[in-house]
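Engineer: So here's my_file_3.cif, just mmCIF, N, CA and C atoms:
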```cif
data_start
loop_
_atom_site.label_atom_id
_atom_site.label_comp_id
_atom_site.auth_asym_id
_atom_site.auth_seq_id
_atom_site.Cartn_x
_atom_site.Cartn_y
_atom_site.Cartn_z
N MET A 1 20.18 -10.54 19.77
CA MET A 1 19.43 -10.19 18.60
C MET A 1 20.43 -9.66 17.58
N GLU A 2 20.21 -10.00 16.34
CA GLU A 2 21.03 -9.50 15.25
C GLU A 2 20.13 -8.90 14.19
N VAL A 3 20.52 -7.71 13.73
CA VAL A 3 19.79 -7.03 12.67
C VAL A 3 20.77 -6.74 11.56
N ALA A 4 20.37 -6.99 10.32
CA ALA A 4 21.24 -6.73 9.17
C ALA A 4 20.50 -5.88 8.15
N LEU A 5 21.24 -4.95 7.54
CA LEU A 5 20.69 -4.08 6.49
C LEU A 5 21.31 -4.51 5.17
N TYR A 6 20.45 -4.86 4.21
CA TYR A 6 20.90 -5.34 2.91
C TYR A 6 20.52 -4.37 1.80
N LYS A 7 21.34 -4.33 0.77
CA LYS A 7 21.00 -3.64 -0.48
C LYS A 7 21.58 -4.47 -1.61
N ASN A 8 20.71 -4.89 -2.52
CA ASN A 8 21.13 -5.74 -3.65
C ASN A 8 21.91 -6.96 -3.18
N LYS A 9 21.38 -7.61 -2.15
CA LYS A 9 21.95 -8.84 -1.60
C LYS A 9 23.31 -8.64 -0.94
N GLN A 10 23.72 -7.41 -0.71
CA GLN A 10 24.98 -7.11 -0.03
C GLN A 10 24.67 -6.55 1.35
N VAL A 11 25.40 -7.01 2.34
CA VAL A 11 25.21 -6.52 3.70
C VAL A 11 25.87 -5.15 3.83
N LEU A 12 25.06 -4.13 4.17
CA LEU A 12 25.60 -2.79 4.37
C LEU A 12 26.02 -2.55 5.81
N ASP A 13 25.27 -3.13 6.75
CA ASP A 13 25.58 -2.92 8.16
C ASP A 13 24.90 -4.00 8.99
N THR A 14 25.47 -4.30 10.14
CA THR A 14 24.85 -5.23 11.08
C THR A 14 24.95 -4.65 12.48
N ASN A 15 24.07 -5.13 13.35
CA ASN A 15 24.10 -4.70 14.74
C ASN A 15 23.74 -5.90 15.60
N HIS A 16 24.52 -6.14 16.61
CA HIS A 16 24.28 -7.23 17.55
C HIS A 16 23.99 -6.62 18.92
N LYS A 17 23.00 -7.15 19.59
CA LYS A 17 22.67 -6.64 20.91
C LYS A 17 22.09 -7.77 21.76
N LYS A 18 22.59 -7.89 22.97
CA LYS A 18 22.02 -8.85 23.90
C LYS A 18 20.83 -8.20 24.58
N ILE A 19 19.72 -8.93 24.61
CA ILE A 19 18.52 -8.41 25.26
C ILE A 19 18.00 -9.48 26.22
N GLY A 20 17.27 -9.04 27.20
CA GLY A 20 16.66 -9.97 28.14
C GLY A 20 15.17 -9.70 28.24
N LEU A 21 14.37 -10.67 27.92
CA LEU A 21 12.93 -10.53 28.02
C LEU A 21 12.47 -11.27 29.27
N ARG A 22 12.04 -10.52 30.27
CA ARG A 22 11.55 -11.13 31.51
C ARG A 22 10.04 -11.28 31.46
N THR A 23 9.35 -10.24 30.95
CA THR A 23 7.89 -10.32 30.87
C THR A 23 7.43 -9.82 29.51
N ILE A 24 6.43 -10.48 28.98
CA ILE A 24 5.78 -10.06 27.73
C ILE A 24 4.28 -10.16 27.96
N TYR A 25 3.59 -9.03 27.75
CA TYR A 25 2.14 -9.00 27.91
C TYR A 25 1.48 -8.53 26.62
N LEU A 26 0.38 -9.17 26.28
CA LEU A 26 -0.48 -8.71 25.21
C LEU A 26 -1.63 -7.97 25.87
N ILE A 27 -1.75 -6.66 25.58
CA ILE A 27 -2.76 -5.83 26.21
C ILE A 27 -3.81 -5.47 25.16
N ARG A 28 -5.05 -5.86 25.44
CA ARG A 28 -6.16 -5.60 24.51
C ARG A 28 -7.03 -4.51 25.10
N GLU A 29 -7.29 -3.47 24.30
CA GLU A 29 -8.10 -2.34 24.73
C GLU A 29 -9.04 -1.92 23.62
N LYS A 30 -10.13 -1.24 24.01
CA LYS A 30 -11.01 -0.69 22.98
C LYS A 30 -10.24 0.36 22.20
N ASP A 31 -10.49 0.42 20.89
CA ASP A 31 -9.80 1.41 20.06
C ASP A 31 -10.47 2.77 20.18
N ALA A 32 -9.94 3.76 19.47
CA ALA A 32 -10.44 5.14 19.55
C ALA A 32 -11.89 5.25 19.11
N ILE A 33 -12.32 4.42 18.18
CA ILE A 33 -13.69 4.45 17.69
C ILE A 33 -14.62 3.79 18.70
N GLY A 34 -14.11 2.82 19.42
CA GLY A 34 -14.90 2.17 20.45
C GLY A 34 -15.60 0.90 20.04
N ASP A 35 -15.60 0.60 18.75
CA ASP A 35 -16.30 -0.61 18.33
C ASP A 35 -15.36 -1.75 17.97
N GLY A 36 -14.10 -1.54 18.12
CA GLY A 36 -13.12 -2.58 17.84
C GLY A 36 -12.19 -2.72 19.03
N VAL A 37 -11.35 -3.72 18.98
CA VAL A 37 -10.40 -3.94 20.06
C VAL A 37 -9.00 -3.83 19.48
N GLY A 38 -8.24 -2.89 20.02
CA GLY A 38 -6.85 -2.75 19.62
C GLY A 38 -5.99 -3.58 20.54
N PHE A 39 -4.72 -3.66 20.22
CA PHE A 39 -3.82 -4.38 21.10
C PHE A 39 -2.43 -3.79 21.02
N LYS A 40 -1.67 -4.04 22.06
CA LYS A 40 -0.27 -3.64 22.09
C LYS A 40 0.48 -4.66 22.93
N PHE A 41 1.79 -4.66 22.78
CA PHE A 41 2.63 -5.53 23.57
C PHE A 41 3.39 -4.70 24.59
N ASN A 42 3.64 -5.29 25.72
CA ASN A 42 4.43 -4.66 26.76
C ASN A 42 5.57 -5.62 27.09
N PHE A 43 6.80 -5.15 26.87
CA PHE A 43 7.99 -5.94 27.15
C PHE A 43 8.72 -5.34 28.34
N ASN A 44 8.92 -6.12 29.37
CA ASN A 44 9.65 -5.69 30.57
C ASN A 44 9.14 -4.36 31.10
N GLY A 45 7.81 -4.14 31.07
CA GLY A 45 7.23 -2.93 31.61
C GLY A 45 7.18 -1.75 30.66
N HIS A 46 7.56 -1.94 29.41
CA HIS A 46 7.56 -0.86 28.42
C HIS A 46 6.64 -1.22 27.25
N ASP A 47 5.72 -0.30 26.92
CA ASP A 47 4.87 -0.51 25.75
C ASP A 47 5.72 -0.38 24.49
N VAL A 48 5.50 -1.28 23.54
CA VAL A 48 6.28 -1.30 22.31
C VAL A 48 5.33 -1.15 21.13
N PHE A 49 5.58 -0.13 20.30
CA PHE A 49 4.78 0.09 19.10
C PHE A 49 5.23 -0.88 18.03
N MET A 50 4.28 -1.57 17.43
CA MET A 50 4.57 -2.49 16.33
C MET A 50 3.54 -2.24 15.25
N LYS A 51 4.01 -2.13 14.05
CA LYS A 51 3.10 -1.91 12.94
C LYS A 51 3.26 -3.08 11.98
N GLY A 52 2.18 -3.52 11.43
CA GLY A 52 2.23 -4.64 10.51
C GLY A 52 1.45 -4.34 9.25
N GLY A 53 1.54 -5.23 8.35
CA GLY A 53 0.80 -5.09 7.11
C GLY A 53 0.48 -6.47 6.57
N ASN A 54 -0.51 -6.52 5.76
CA ASN A 54 -0.89 -7.79 5.16
C ASN A 54 -0.52 -7.78 3.68
N TYR A 55 -0.03 -8.89 3.23
CA TYR A 55 0.32 -9.04 1.82
C TYR A 55 -0.66 -10.03 1.21
N ILE A 56 -1.32 -9.62 0.16
CA ILE A 56 -2.22 -10.51 -0.55
C ILE A 56 -1.56 -10.85 -1.89
N PRO A 57 -1.27 -12.12 -2.14
CA PRO A 57 -0.62 -12.48 -3.39
C PRO A 57 -1.44 -12.02 -4.59
N PRO A 58 -0.77 -11.52 -5.64
CA PRO A 58 -1.48 -11.00 -6.80
C PRO A 58 -2.14 -12.09 -7.65
N ASP A 59 -1.73 -13.33 -7.47
CA ASP A 59 -2.31 -14.42 -8.26
C ASP A 59 -2.15 -15.71 -7.48
N MET A 60 -3.14 -16.59 -7.54
CA MET A 60 -3.02 -17.86 -6.82
C MET A 60 -2.04 -18.82 -7.50
N LEU A 61 -1.73 -18.58 -8.75
CA LEU A 61 -0.73 -19.38 -9.45
C LEU A 61 0.56 -18.55 -9.52
N MET A 62 1.46 -18.81 -8.61
CA MET A 62 2.65 -17.98 -8.43
C MET A 62 3.53 -17.84 -9.69
N PRO A 63 3.66 -18.86 -10.54
CA PRO A 63 4.51 -18.67 -11.73
C PRO A 63 4.01 -17.60 -12.69
N ARG A 64 2.74 -17.21 -12.59
CA ARG A 64 2.21 -16.17 -13.48
C ARG A 64 2.61 -14.76 -13.04
N VAL A 65 3.14 -14.62 -11.84
CA VAL A 65 3.47 -13.31 -11.31
C VAL A 65 4.90 -12.94 -11.71
N THR A 66 5.02 -11.80 -12.38
CA THR A 66 6.35 -11.35 -12.84
C THR A 66 7.05 -10.54 -11.76
N GLU A 67 8.33 -10.33 -11.93
CA GLU A 67 9.10 -9.51 -10.99
C GLU A 67 8.57 -8.09 -10.95
N GLU A 68 8.14 -7.57 -12.10
CA GLU A 68 7.59 -6.21 -12.14
C GLU A 68 6.34 -6.09 -11.27
N ILE A 69 5.49 -7.11 -11.30
CA ILE A 69 4.28 -7.09 -10.47
C ILE A 69 4.67 -7.09 -8.99
N TYR A 70 5.64 -7.93 -8.60
CA TYR A 70 6.09 -7.95 -7.21
C TYR A 70 6.63 -6.58 -6.80
N ARG A 71 7.45 -5.98 -7.65
CA ARG A 71 8.05 -4.68 -7.33
C ARG A 71 6.98 -3.60 -7.13
N SER A 72 5.97 -3.60 -8.00
CA SER A 72 4.93 -2.58 -7.87
C SER A 72 4.06 -2.82 -6.64
N THR A 73 3.89 -4.08 -6.26
CA THR A 73 3.07 -4.41 -5.10
C THR A 73 3.80 -4.11 -3.79
N ILE A 74 5.04 -4.50 -3.73
CA ILE A 74 5.81 -4.37 -2.47
C ILE A 74 6.50 -3.04 -2.46
#
```
Can you turn what I pasted into structure tokens?
Structural biologist:
Amino acid sequence: MEVALYKNKQVLDTNHKKIGLRTIYLIREKDAIGDGVGFKFNFNGHDVFMKGGNYIPPDMLMPRVTEEIYRSTI
């Protein structure tokens, strides 16, 4: 696996690490409220926290979106 940290298109740091994935499980459980189903992944016997987000484009016609709009959204 390789991870790189960028700032203004310049690489600030990189890290290389060999990993071995023997087992990957998707575990679905009721959430704290009880009316939904949460999920988590388990890699090699260890639960891994993953957080995600959804991006909704500000306009269906991409040329109308300015850099300022992207910056304020992201």
Engineer: Enumerate the residues of chain A with a DSSP assignment of strand (DSSP E or B), computed from the backbone, and present them as a compact mmCIF listing (two decimals) with N, CA and C atoms, keeping the file's coordinate frame.
Structural biologist:
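Wrote it out as selection38.txt, contents follow:
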```txt
# COMPACT_ATOMS: atom_id res chain seq x y z
N GLU A 2 20.21 -10.00 16.34
CA GLU A 2 21.03 -9.50 15.25
C GLU A 2 20.13 -8.90 14.19
N VAL A 3 20.52 -7.71 13.73
CA VAL A 3 19.79 -7.03 12.67
C VAL A 3 20.77 -6.74 11.56
N ALA A 4 20.37 -6.99 10.32
CA ALA A 4 21.24 -6.73 9.17
C ALA A 4 20.50 -5.88 8.15
N LEU A 5 21.24 -4.95 7.54
CA LEU A 5 20.69 -4.08 6.49
C LEU A 5 21.31 -4.51 5.17
N TYR A 6 20.45 -4.86 4.21
CA TYR A 6 20.90 -5.34 2.91
C TYR A 6 20.52 -4.37 1.80
N LYS A 7 21.34 -4.33 0.77
CA LYS A 7 21.00 -3.64 -0.48
C LYS A 7 21.58 -4.47 -1.61
N GLN A 10 23.72 -7.41 -0.71
CA GLN A 10 24.98 -7.11 -0.03
C GLN A 10 24.67 -6.55 1.35
N VAL A 11 25.40 -7.01 2.34
CA VAL A 11 25.21 -6.52 3.70
C VAL A 11 25.87 -5.15 3.83
N LEU A 12 25.06 -4.13 4.17
CA LEU A 12 25.60 -2.79 4.37
C LEU A 12 26.02 -2.55 5.81
N ASP A 13 25.27 -3.13 6.75
CA ASP A 13 25.58 -2.92 8.16
C ASP A 13 24.90 -4.00 8.99
N THR A 14 25.47 -4.30 10.14
CA THR A 14 24.85 -5.23 11.08
C THR A 14 24.95 -4.65 12.48
N ASN A 15 24.07 -5.13 13.35
CA ASN A 15 24.10 -4.70 14.74
C ASN A 15 23.74 -5.90 15.60
N HIS A 16 24.52 -6.14 16.61
CA HIS A 16 24.28 -7.23 17.55
C HIS A 16 23.99 -6.62 18.92
N ILE A 24 6.43 -10.48 28.98
CA ILE A 24 5.78 -10.06 27.73
C ILE A 24 4.28 -10.16 27.96
N TYR A 25 3.59 -9.03 27.75
CA TYR A 25 2.14 -9.00 27.91
C TYR A 25 1.48 -8.53 26.62
N LEU A 26 0.38 -9.17 26.28
CA LEU A 26 -0.48 -8.71 25.21
C LEU A 26 -1.63 -7.97 25.87
N ILE A 27 -1.75 -6.66 25.58
CA ILE A 27 -2.76 -5.83 26.21
C ILE A 27 -3.81 -5.47 25.16
N ARG A 28 -5.05 -5.86 25.44
CA ARG A 28 -6.16 -5.60 24.51
C ARG A 28 -7.03 -4.51 25.10
N GLU A 29 -7.29 -3.47 24.30
CA GLU A 29 -8.10 -2.34 24.73
C GLU A 29 -9.04 -1.92 23.62
N LYS A 30 -10.13 -1.24 24.01
CA LYS A 30 -11.01 -0.69 22.98
C LYS A 30 -10.24 0.36 22.20
N VAL A 37 -11.35 -3.72 18.98
CA VAL A 37 -10.40 -3.94 20.06
C VAL A 37 -9.00 -3.83 19.48
N GLY A 38 -8.24 -2.89 20.02
CA GLY A 38 -6.85 -2.75 19.62
C GLY A 38 -5.99 -3.58 20.54
N PHE A 39 -4.72 -3.66 20.22
CA PHE A 39 -3.82 -4.38 21.10
C PHE A 39 -2.43 -3.79 21.02
N LYS A 40 -1.67 -4.04 22.06
CA LYS A 40 -0.27 -3.64 22.09
C LYS A 40 0.48 -4.66 22.93
N PHE A 41 1.79 -4.66 22.78
CA PHE A 41 2.63 -5.53 23.57
C PHE A 41 3.39 -4.70 24.59
N ASN A 42 3.64 -5.29 25.72
CA ASN A 42 4.43 -4.66 26.76
C ASN A 42 5.57 -5.62 27.09
N PHE A 43 6.80 -5.15 26.87
CA PHE A 43 7.99 -5.94 27.15
C PHE A 43 8.72 -5.34 28.34
N HIS A 46 7.56 -1.94 29.41
CA HIS A 46 7.56 -0.86 28.42
C HIS A 46 6.64 -1.22 27.25
N ASP A 47 5.72 -0.30 26.92
CA ASP A 47 4.87 -0.51 25.75
C ASP A 47 5.72 -0.38 24.49
N VAL A 48 5.50 -1.28 23.54
CA VAL A 48 6.28 -1.30 22.31
C VAL A 48 5.33 -1.15 21.13
```
Engineer: Can you measure atom N of Tyr25 in chain A to CA of Asn44 in chain A for me? One decimal in Å is fine.
Structural biologist: 7.5 Å
Engineer: Show which residues sit within 6 Å of Glu29 in chain A, as a ChimeraX atom specification. Count only C-alpha atoms, and ignore same-chain residues fewer than 2 positions away.
Structural biologist: /A:37-39
Engineer: Which residue, A:Ile56, A:Leu61, A:Met1, A:Ile69, has the smallest gap to Ile19 in chain A when you use only N, CA and C atoms?
Structural biologist: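 The answer is A:Met1, which sits nearest to Ile19 in chain A.
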Engineer: Out of A:Phe49, A:Tyr70, A:Phe41, A:Tyr55, which residue has the shortest atom-to-atom distance to Arg28 in chain A when counting all atoms listed in the file?
Structural biologist: A:Phe41
